[in-house]
Amino acid sequence: MQASLTLLTAGASAAAAIVYLAHKGNVRANWFAICQQFDSFCERISGSLIGSFAAMVILIALISLSAFALARRH
């Protein structure tokens with residue numbers, strides 16, 4: 001389960017970087033903010049980012065509940 005949490009955290013972090021670039025751009029790399037042109041893309045990717053972080057919270061809760069259940073048994 002910890003490996004799943006690690007992969008989920010990595011994916012959410014990568015999505016956060018893409019959302020930041022989509023909203024702000026990067027002048028040094030000549031990447032322009034694309035949210036002015038593609039509003040639906042930014043709405044979807046922001047929703048996906050929220051979903052990823054919500055999944056991380058749920059997975060942390062599941063891991064904690066599993067640890068408590070195992071500790072209570074022994």
# chains A, B, ... in the order shown; residues from 1 in each chain; ligands from 1
>>> residues_around(residues="range 31-42 of chain A", least_positions_apart="2", cutoff="12 Å", atoms="only C-alpha atoms", output="PDB file with N, CA, C and O atoms, in the first residue's frame")
ATOM      1  N   ALA A  15       1.239  16.314 -11.856  1.00  0.00           N
ATOM      2  CA  ALA A  15       0.048  17.031 -12.315  1.00  0.00           C
ATOM      3  C   ALA A  15       0.052  18.468 -11.797  1.00  0.00           C
ATOM      4  O   ALA A  15      -0.344  19.391 -12.506  1.00  0.00           O
ATOM      5  N   ALA A  16       0.523  18.671 -10.563  1.00  0.00           N
ATOM      6  CA  ALA A  16       0.602  20.020 -10.011  1.00  0.00           C
ATOM      7  C   ALA A  16       1.579  20.878 -10.815  1.00  0.00           C
ATOM      8  O   ALA A  16       1.323  22.066 -11.054  1.00  0.00           O
ATOM      9  N   ILE A  18       2.273  20.519 -14.017  1.00  0.00           N
ATOM     10  CA  ILE A  18       1.645  20.815 -15.300  1.00  0.00           C
ATOM     11  C   ILE A  18       0.574  21.897 -15.139  1.00  0.00           C
ATOM     12  O   ILE A  18       0.457  22.805 -15.974  1.00  0.00           O
ATOM     13  N   VAL A  19      -0.200  21.826 -14.060  1.00  0.00           N
ATOM     14  CA  VAL A  19      -1.213  22.861 -13.810  1.00  0.00           C
ATOM     15  C   VAL A  19      -0.555  24.220 -13.613  1.00  0.00           C
ATOM     16  O   VAL A  19      -1.022  25.233 -14.144  1.00  0.00           O
ATOM     17  N   TYR A  20       0.543  24.239 -12.897  1.00  0.00           N
ATOM     18  CA  TYR A  20       1.249  25.505 -12.684  1.00  0.00           C
ATOM     19  C   TYR A  20       1.745  26.076 -14.013  1.00  0.00           C
ATOM     20  O   TYR A  20       1.586  27.265 -14.285  1.00  0.00           O
ATOM     21  N   LEU A  21       2.334  25.231 -14.852  1.00  0.00           N
ATOM     22  CA  LEU A  21       2.808  25.700 -16.159  1.00  0.00           C
ATOM     23  C   LEU A  21       1.657  26.145 -17.040  1.00  0.00           C
ATOM     24  O   LEU A  21       1.781  27.103 -17.804  1.00  0.00           O
ATOM     25  N   ALA A  22       0.534  25.453 -16.967  1.00  0.00           N
ATOM     26  CA  ALA A  22      -0.616  25.828 -17.791  1.00  0.00           C
ATOM     27  C   ALA A  22      -1.161  27.188 -17.367  1.00  0.00           C
ATOM     28  O   ALA A  22      -1.598  27.979 -18.212  1.00  0.00           O
ATOM     29  N   HIS A  23      -1.132  27.480 -16.080  1.00  0.00           N
ATOM     30  CA  HIS A  23      -1.664  28.752 -15.595  1.00  0.00           C
ATOM     31  C   HIS A  23      -0.668  29.893 -15.719  1.00  0.00           C
ATOM     32  O   HIS A  23      -1.041  30.998 -16.096  1.00  0.00           O
ATOM     33  N   LYS A  24       0.590  29.641 -15.408  1.00  0.00           N
ATOM     34  CA  LYS A  24       1.582  30.718 -15.350  1.00  0.00           C
ATOM     35  C   LYS A  24       2.524  30.761 -16.552  1.00  0.00           C
ATOM     36  O   LYS A  24       3.026  31.811 -16.904  1.00  0.00           O
ATOM     37  N   GLY A  25       2.829  29.594 -17.125  1.00  0.00           N
ATOM     38  CA  GLY A  25       3.816  29.547 -18.196  1.00  0.00           C
ATOM     39  C   GLY A  25       5.230  29.662 -17.635  1.00  0.00           C
ATOM     40  O   GLY A  25       5.439  29.708 -16.424  1.00  0.00           O
ATOM     41  N   ASN A  26       6.207  29.698 -18.535  1.00  0.00           N
ATOM     42  CA  ASN A  26       7.602  29.855 -18.146  1.00  0.00           C
ATOM     43  C   ASN A  26       8.286  30.679 -19.227  1.00  0.00           C
ATOM     44  O   ASN A  26       8.536  30.198 -20.331  1.00  0.00           O
ATOM     45  N   VAL A  27       8.580  31.915 -18.896  1.00  0.00           N
ATOM     46  CA  VAL A  27       9.150  32.827 -19.879  1.00  0.00           C
ATOM     47  C   VAL A  27      10.549  32.393 -20.292  1.00  0.00           C
ATOM     48  O   VAL A  27      10.923  32.497 -21.463  1.00  0.00           O
ATOM     49  N   ARG A  28      11.331  31.882 -19.361  1.00  0.00           N
ATOM     50  CA  ARG A  28      12.716  31.476 -19.669  1.00  0.00           C
ATOM     51  C   ARG A  28      12.765  30.330 -20.672  1.00  0.00           C
ATOM     52  O   ARG A  28      13.668  30.255 -21.496  1.00  0.00           O
ATOM     53  N   ALA A  29      11.778  29.421 -20.594  1.00  0.00           N
ATOM     54  CA  ALA A  29      11.734  28.290 -21.530  1.00  0.00           C
ATOM     55  C   ALA A  29      10.872  28.594 -22.747  1.00  0.00           C
ATOM     56  O   ALA A  29      10.687  27.740 -23.606  1.00  0.00           O
ATOM     57  N   ARG A  44     -10.392  20.900 -16.548  1.00  0.00           N
ATOM     58  CA  ARG A  44     -10.283  19.448 -16.393  1.00  0.00           C
ATOM     59  C   ARG A  44      -9.046  19.046 -15.613  1.00  0.00           C
ATOM     60  O   ARG A  44      -9.098  18.180 -14.731  1.00  0.00           O
ATOM     61  N   ILE A  45      -7.921  19.644 -15.935  1.00  0.00           N
ATOM     62  CA  ILE A  45      -6.688  19.247 -15.259  1.00  0.00           C
ATOM     63  C   ILE A  45      -6.691  19.720 -13.809  1.00  0.00           C
ATOM     64  O   ILE A  45      -6.157  19.040 -12.927  1.00  0.00           O
ATOM     65  N   SER A  46      -7.342  20.845 -13.526  1.00  0.00           N
ATOM     66  CA  SER A  46      -7.465  21.282 -12.130  1.00  0.00           C
ATOM     67  C   SER A  46      -8.355  20.321 -11.355  1.00  0.00           C
ATOM     68  O   SER A  46      -8.068  19.984 -10.201  1.00  0.00           O
ATOM     69  N   GLY A  47      -9.431  19.852 -11.976  1.00  0.00           N
ATOM     70  CA  GLY A  47     -10.289  18.857 -11.338  1.00  0.00           C
ATOM     71  C   GLY A  47      -9.569  17.550 -11.102  1.00  0.00           C
ATOM     72  O   GLY A  47      -9.739  16.904 -10.057  1.00  0.00           O
ATOM     73  N   SER A  48      -8.742  17.152 -12.047  1.00  0.00           N
ATOM     74  CA  SER A  48      -7.953  15.931 -11.877  1.00  0.00           C
ATOM     75  C   SER A  48      -6.955  16.067 -10.743  1.00  0.00           C
ATOM     76  O   SER A  48      -6.715  15.115  -9.998  1.00  0.00           O
ATOM     77  N   LEU A  49      -6.395  17.236 -10.606  1.00  0.00           N
ATOM     78  CA  LEU A  49      -5.446  17.484  -9.517  1.00  0.00           C
ATOM     79  C   LEU A  49      -6.136  17.390  -8.157  1.00  0.00           C
ATOM     80  O   LEU A  49      -5.610  16.767  -7.235  1.00  0.00           O
TER      81      LEU A  49
END
>>> residues_around(residues="Gly11 in chain A", least_positions_apart="5", cutoff="10 Å", atoms="only C-alpha atoms", output="number ranges by chain")
A: 5-6, 16-17, 49, 52-53
>>> write_last_selection(atoms="N, CA, C and O atoms", output="short mmCIF file (atom, residue, chain, number, x, y, z; two decimals), in the first residue's frame")
data_model
loop_
_atom_site.label_atom_id
_atom_site.label_comp_id
_atom_site.auth_asym_id
_atom_site.auth_seq_id
_atom_site.Cartn_x
_atom_site.Cartn_y
_atom_site.Cartn_z
N LEU A 5 0.77 4.59 -2.50
CA LEU A 5 0.76 5.97 -2.04
C LEU A 5 1.92 6.74 -2.66
O LEU A 5 1.75 7.91 -3.06
N THR A 6 3.06 6.12 -2.78
CA THR A 6 4.22 6.77 -3.39
C THR A 6 3.95 7.11 -4.85
O THR A 6 4.25 8.22 -5.31
N ALA A 16 0.52 18.67 -10.56
CA ALA A 16 0.60 20.02 -10.01
C ALA A 16 1.58 20.88 -10.81
O ALA A 16 1.32 22.07 -11.05
N ALA A 17 2.67 20.29 -11.25
CA ALA A 17 3.64 21.03 -12.06
C ALA A 17 3.04 21.42 -13.41
O ALA A 17 3.23 22.55 -13.89
N LEU A 49 -6.39 17.24 -10.61
CA LEU A 49 -5.45 17.48 -9.52
C LEU A 49 -6.14 17.39 -8.16
O LEU A 49 -5.61 16.77 -7.24
N SER A 52 -6.73 13.78 -7.44
CA SER A 52 -5.50 13.08 -7.04
C SER A 52 -5.16 13.32 -5.59
O SER A 52 -4.80 12.39 -4.85
N PHE A 53 -5.28 14.56 -5.15
CA PHE A 53 -4.97 14.86 -3.75
C PHE A 53 -6.03 14.28 -2.81
O PHE A 53 -5.70 13.85 -1.71
#
>>> atom_distance(atom1="CA of His74 in chain A", atom2="CA of Ala55 in chain A")
29.1 Å
>>> decode(residues="range 26-41 of chain A", atoms="all heavy atoms", output="tab-separated table (two decimals), in the first residue's frame")
chain	number	residue	atom	x	y	z
A	26	ASN	N	6.21	29.70	-18.53
A	26	ASN	CA	7.60	29.85	-18.15
A	26	ASN	C	8.29	30.68	-19.23
A	26	ASN	O	8.54	30.20	-20.33
A	26	ASN	CB	8.28	28.49	-17.99
A	26	ASN	CG	9.67	28.59	-17.41
A	26	ASN	OD1	10.28	29.65	-17.41
A	26	ASN	ND2	10.18	27.48	-16.91
A	27	VAL	N	8.58	31.91	-18.90
A	27	VAL	CA	9.15	32.83	-19.88
A	27	VAL	C	10.55	32.39	-20.29
A	27	VAL	O	10.92	32.50	-21.46
A	27	VAL	CB	9.16	34.26	-19.31
A	27	VAL	CG1	9.78	35.24	-20.30
A	27	VAL	CG2	7.75	34.70	-18.97
A	28	ARG	N	11.33	31.88	-19.36
A	28	ARG	CA	12.72	31.48	-19.67
A	28	ARG	C	12.76	30.33	-20.67
A	28	ARG	O	13.67	30.26	-21.50
A	28	ARG	CB	13.43	31.07	-18.39
A	28	ARG	CG	13.60	32.25	-17.43
A	28	ARG	CD	14.15	31.81	-16.12
A	28	ARG	NE	15.60	31.72	-16.20
A	28	ARG	CZ	16.34	31.12	-15.29
A	28	ARG	NH1	15.78	30.57	-14.23
A	28	ARG	NH2	17.63	31.10	-15.42
A	29	ALA	N	11.78	29.42	-20.59
A	29	ALA	CA	11.73	28.29	-21.53
A	29	ALA	C	10.87	28.59	-22.75
A	29	ALA	O	10.69	27.74	-23.61
A	29	ALA	CB	11.20	27.06	-20.83
A	30	ASN	N	10.33	29.82	-22.82
A	30	ASN	CA	9.47	30.26	-23.91
A	30	ASN	C	8.18	29.44	-23.98
A	30	ASN	O	7.68	29.15	-25.06
A	30	ASN	CB	10.23	30.23	-25.25
A	30	ASN	CG	9.61	31.17	-26.26
A	30	ASN	OD1	8.89	32.10	-25.88
A	30	ASN	ND2	9.88	30.94	-27.52
A	31	TRP	N	7.69	29.04	-22.82
A	31	TRP	CA	6.40	28.34	-22.72
A	31	TRP	C	5.38	29.35	-22.24
A	31	TRP	O	5.53	29.93	-21.16
A	31	TRP	CB	6.46	27.18	-21.73
A	31	TRP	CG	7.29	26.03	-22.18
A	31	TRP	CD1	7.74	25.77	-23.43
A	31	TRP	CD2	7.80	24.98	-21.36
A	31	TRP	NE1	8.49	24.64	-23.44
A	31	TRP	CE2	8.54	24.13	-22.19
A	31	TRP	CE3	7.69	24.69	-20.01
A	31	TRP	CZ2	9.17	22.99	-21.71
A	31	TRP	CZ3	8.31	23.56	-19.53
A	31	TRP	CH2	9.04	22.72	-20.38
A	32	PHE	N	4.35	29.53	-23.01
A	32	PHE	CA	3.33	30.51	-22.66
A	32	PHE	C	2.20	29.84	-21.90
A	32	PHE	O	1.93	28.65	-22.07
A	32	PHE	CB	2.80	31.18	-23.92
A	32	PHE	CG	3.87	31.88	-24.70
A	32	PHE	CD1	4.30	31.38	-25.91
A	32	PHE	CD2	4.47	33.03	-24.21
A	32	PHE	CE1	5.31	32.00	-26.63
A	32	PHE	CE2	5.48	33.67	-24.92
A	32	PHE	CZ	5.89	33.15	-26.13
A	33	ALA	N	1.52	30.61	-21.08
A	33	ALA	CA	0.36	30.09	-20.35
A	33	ALA	C	-0.74	29.77	-21.36
A	33	ALA	O	-1.06	30.58	-22.23
A	33	ALA	CB	-0.12	31.12	-19.34
A	34	ILE	N	-1.28	28.57	-21.27
A	34	ILE	CA	-2.27	28.15	-22.27
A	34	ILE	C	-3.70	28.24	-21.74
A	34	ILE	O	-4.64	27.94	-22.46
A	34	ILE	CB	-1.99	26.71	-22.76
A	34	ILE	CG1	-2.07	25.72	-21.62
A	34	ILE	CG2	-0.65	26.65	-23.45
A	34	ILE	CD1	-2.05	24.29	-22.07
A	35	CYS	N	-3.87	28.66	-20.51
A	35	CYS	CA	-5.22	28.70	-19.93
A	35	CYS	C	-6.10	29.76	-20.58
A	35	CYS	O	-7.32	29.64	-20.56
A	35	CYS	CB	-5.16	28.90	-18.43
A	35	CYS	SG	-4.74	27.39	-17.57
A	36	GLN	N	-5.50	30.80	-21.14
A	36	GLN	CA	-6.31	31.81	-21.81
A	36	GLN	C	-6.93	31.26	-23.09
A	36	GLN	O	-8.00	31.68	-23.50
A	36	GLN	CB	-5.47	33.05	-22.16
A	36	GLN	CG	-5.08	33.89	-20.96
A	36	GLN	CD	-3.81	33.37	-20.30
A	36	GLN	OE1	-3.07	32.58	-20.88
A	36	GLN	NE2	-3.56	33.80	-19.08
A	37	GLN	N	-6.26	30.31	-23.73
A	37	GLN	CA	-6.75	29.76	-24.98
A	37	GLN	C	-7.59	28.50	-24.80
A	37	GLN	O	-8.52	28.27	-25.55
A	37	GLN	CB	-5.57	29.45	-25.91
A	37	GLN	CG	-4.81	30.69	-26.29
A	37	GLN	CD	-3.32	30.43	-26.39
A	37	GLN	OE1	-2.84	29.40	-25.97
A	37	GLN	NE2	-2.60	31.40	-26.93
A	38	PHE	N	-7.24	27.69	-23.81
A	38	PHE	CA	-7.90	26.41	-23.61
A	38	PHE	C	-8.47	26.33	-22.20
A	38	PHE	O	-7.91	25.67	-21.32
A	38	PHE	CB	-6.91	25.26	-23.84
A	38	PHE	CG	-6.28	25.27	-25.20
A	38	PHE	CD1	-4.97	25.66	-25.36
A	38	PHE	CD2	-7.00	24.89	-26.31
A	38	PHE	CE1	-4.37	25.68	-26.60
A	38	PHE	CE2	-6.42	24.91	-27.57
A	38	PHE	CZ	-5.11	25.30	-27.71
A	39	ASP	N	-9.58	27.00	-21.97
A	39	ASP	CA	-10.18	27.02	-20.63
A	39	ASP	C	-10.63	25.64	-20.18
A	39	ASP	O	-10.48	25.28	-19.03
A	39	ASP	CB	-11.37	27.98	-20.59
A	39	ASP	CG	-10.92	29.42	-20.49
A	39	ASP	OD1	-9.79	29.65	-20.02
A	39	ASP	OD2	-11.71	30.30	-20.88
A	40	SER	N	-11.20	24.86	-21.11
A	40	SER	CA	-11.71	23.55	-20.70
A	40	SER	C	-10.58	22.62	-20.27
A	40	SER	O	-10.75	21.82	-19.35
A	40	SER	CB	-12.51	22.91	-21.84
A	40	SER	OG	-11.68	22.66	-22.95
A	41	PHE	N	-9.41	22.74	-20.90
A	41	PHE	CA	-8.25	21.94	-20.48
A	41	PHE	C	-7.86	22.27	-19.05
A	41	PHE	O	-7.63	21.38	-18.24
A	41	PHE	CB	-7.07	22.18	-21.43
A	41	PHE	CG	-5.77	21.60	-20.93
A	41	PHE	CD1	-5.55	20.24	-21.01
A	41	PHE	CD2	-4.80	22.42	-20.38
A	41	PHE	CE1	-4.35	19.69	-20.54
A	41	PHE	CE2	-3.61	21.88	-19.91
A	41	PHE	CZ	-3.39	20.52	-20.00
